[in-house]
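K.L.:
Before anything else, here's the structure in question.
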Amino acid sequence: QKEVEQNSGPLSVPEGAIASLNCTYSDRVSQSFFWYRQYSGKSPELIMSIYSNGDKEDGRFTAQLNKASQYVSLLIRDSQPSDSATYLCAVSVGNKLVFGAGTILRVKS
Amino acid sequence: DAEITQSPRHKITETGRQVTLACHQTWNHNNMFWYRQDLGHGLRLIHYSYGVQDTNKGEVSDGYSVSRSNTEDLPLTLESAASSQTSVYFCASSVGPNNEQFFGPGTRLTVL
């Protein structure tokens with residue numbers, strides 16, 4: 001079992017819809033969780049961090065963490081074509097971050 | 001503004017040559033990391049450092065080395081480049097080991 005797992009996608013949503021991206025992790029003691037966005041040919045860009053159970057909202061983005069079930073999700077409301085990218089989930093494991101392979105999101109106009 | 005830079009941005013080299021990729025950050029972060037990114041594998045950790053004179057091996061460290069002589073720089077050296085090391089290399093830095101990491105623009109390395 002991989003330490004951090006994501007559905008590779010692609011996840012296709014129409015413009016204006018809610019995109020839901022999911023990530024599961026195996027280390028029960030992980031404390032820090034991050035979502036990165038990566039456009040093709042570019043470097044990963046941090047968009048959300050979450051450390052405690054529940055929801056954290058920032059603009060159109062909401063991160064959700066459930067430590068008991070060991071999953072973290074990212075919701076993107078009012079999806080725009082500019083949101084089309086690969087989204088990477090990162091989880092603290094020991095004293096490092098472990099990244100999932102990423103989910104490709106395509107927002108169709 | 002603080003930033004993290006990598007050079008060169010693109011590099012083509014031949015099998016067996018030694019190659020050094022530079023990473024420089026002005027965030028004054030103690031922690032620096034090197035990753036490679038390949039299709040189907042995501043980001044894989046090569047080496048990391050938690051401070052000056054500290055270096056540690058990641059999950060794919062064979063054939064790579066790093067040194068940390070100051071806070072700002074963590075150069076990555078490929079001792080004898082192999083075709084399997086053709087990849088995109090990202091450097092990142094963070095305040096603490098479990099804090100968010102900020103990435104450089106990447107170096108695309110091709111080994112022929």
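By convention in this document, the chains of the structure tokens carry letters A, B, ... by their order, each chain's residues are numbered from 1, and ligands are numbered from 1 in the order they are shown.
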Could you list, as a ChimeraX atom specification, every residue within 7 Å of Val66 (chain B), counting only C-alpha atoms and ignoring same-chain residues fewer than 2 positions away?
P.N.:
/B:47,55,68,74-77
K.L.:
Those selected residues, please, written with N, CA and C atoms and delivered as a compact mmCIF listing (two decimals), in the first residue's frame.
P.N.:
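The file below, again07.txt, is the result:
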# COMPACT_ATOMS: atom_id res chain seq x y z
N HIS B 47 17.30 13.60 -1.88
CA HIS B 47 18.10 13.94 -0.70
C HIS B 47 17.44 15.13 -0.01
N THR B 55 22.96 16.31 5.82
CA THR B 55 22.37 15.77 4.60
C THR B 55 21.83 14.38 4.91
N ARG B 68 25.79 20.64 1.97
CA ARG B 68 25.16 21.87 2.49
C ARG B 68 26.21 22.64 3.27
N LEU B 74 21.78 24.21 -1.81
CA LEU B 74 21.87 22.75 -1.73
C LEU B 74 22.07 22.21 -3.14
N PRO B 75 23.30 22.15 -3.62
CA PRO B 75 23.55 21.61 -4.96
C PRO B 75 23.39 20.09 -5.00
N LEU B 76 22.83 19.61 -6.09
CA LEU B 76 22.65 18.17 -6.32
C LEU B 76 23.62 17.72 -7.39
N THR B 77 24.42 16.70 -7.08
CA THR B 77 25.41 16.19 -8.04
C THR B 77 25.05 14.78 -8.47
K.L.:
Kindly assemble as CSV a list of the chain B residues that lie within 7 Å of chain A, each paired with its nearest atom pair and their distance in Å to one decimal, using only C-alpha atoms, sorted first by chain and then by ascending residue number.
P.N.:
residue,atom,partner,partner_atom,distance
B:Gly40,CA,A:Ala101,CA,6.9
B:His41,CA,A:Ala101,CA,6.0
B:Gly42,CA,A:Ala101,CA,4.1
B:Leu43,CA,A:Phe99,CA,6.2
B:Pro97,CA,A:Asn95,CA,5.3
B:Asn98,CA,A:Ser92,CA,5.6
B:Phe103,CA,A:Pro44,CA,6.4
B:Gly104,CA,A:Ser43,CA,6.7
B:Pro105,CA,A:Ser43,CA,5.3
B:Gly106,CA,A:Ser43,CA,6.3
K.L.:
What does the structure give for the distance between CA of Arg17 (chain B) and CA of Phe90 (chain B), in Å to one decimal?
P.N.:
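It comes out at 20.4 Å.
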K.L.:
Env of Ser69 (chain B): 12 Å cut, atoms = only C-alpha atoms, seq-sep filter 6 positions within chain, self excluded. Answer as a list in words.
P.N.:
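Within the cut-off, the hits are His24, Asn30, Ser49, Tyr50, Gly51, Val52, Gln53, Asp54, Thr55 and Pro75 of chain B.
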K.L.:
To one decimal in Å, tell me the separation between CA of Ser69 (chain A) and CA of Thr24 (chain A).
P.N.:
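Distance between the two atoms: 8.4 Å.
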K.L.:
Output as a Markdown table one row per residue of region 25-62 of chain A within 7 Å of region 79-85 of chain A: the closest atom pair and its distance in Å to one decimal place, counting only C-alpha atoms, sorted by chain and residue number ascending.
P.N.:
| residue | atom | partner | partner_atom | distance |
| --- | --- | --- | --- | --- |
| A:Arg37 | CA | A:Ala85 | CA | 6.5 |
| A:Gln38 | CA | A:Ala85 | CA | 5.7 |
| A:Tyr39 | CA | A:Ala85 | CA | 4.9 |
| A:Ser40 | CA | A:Ala85 | CA | 6.9 |
K.L.:
Could you pull the residues within 9 Å of Ser61 (chain B), counting only C-alpha atoms, minus those fewer than 3 positions along the same chain, as a list in words?
P.N.:
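So, after excluding close chain neighbours, the residues are Leu45, Ile46, His47, Lys57, Gly58, Tyr64 and Ser65 of chain B.
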K.L.:
Please report, as a ChimeraX atom specification, each residue of chain B to which DSSP assigns strand (DSSP E) when run on this structure's backbone.
P.N.:
/B:4-7,10-13,19-25,31-38,42-51,54-57,64-66,76-78,87-94,102-103,107-111
K.L.:
For Ile76 (chain A), work out the shell of residues within 7 Å, counting only C-alpha atoms and skipping chain neighbours fewer than 3 positions away, then give it as a list in words.
P.N.:
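Listed by chain and then number, they are Ile18, Ala19, Ser20, Arg60, Phe61, Thr62 and Ser79 of chain A.
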K.L.:
Those residues with C-alpha atoms, as a PDB file, in the first residue's frame please?
P.N.:
ATOM      1  CA  ILE A  18     -17.806  21.608  -7.846  1.00  0.00           C
ATOM      2  CA  ALA A  19     -14.682  19.506  -8.296  1.00  0.00           C
ATOM      3  CA  SER A  20     -13.953  17.003  -5.524  1.00  0.00           C
ATOM      4  CA  ARG A  60     -13.219  28.841  -3.826  1.00  0.00           C
ATOM      5  CA  PHE A  61     -11.137  26.117  -2.159  1.00  0.00           C
ATOM      6  CA  THR A  62     -12.142  23.983   0.829  1.00  0.00           C
ATOM      7  CA  SER A  79     -14.634  25.480 -11.212  1.00  0.00           C
TER       8      SER A  79
END
K.L.:
Between CA of Lys108 (chain A) and CA of Ser12 (chain A), what is the spacing in Å?
P.N.:
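Going from CA of Ser12 (chain A) over to CA of Lys108 (chain A) covers 7.1 Å.
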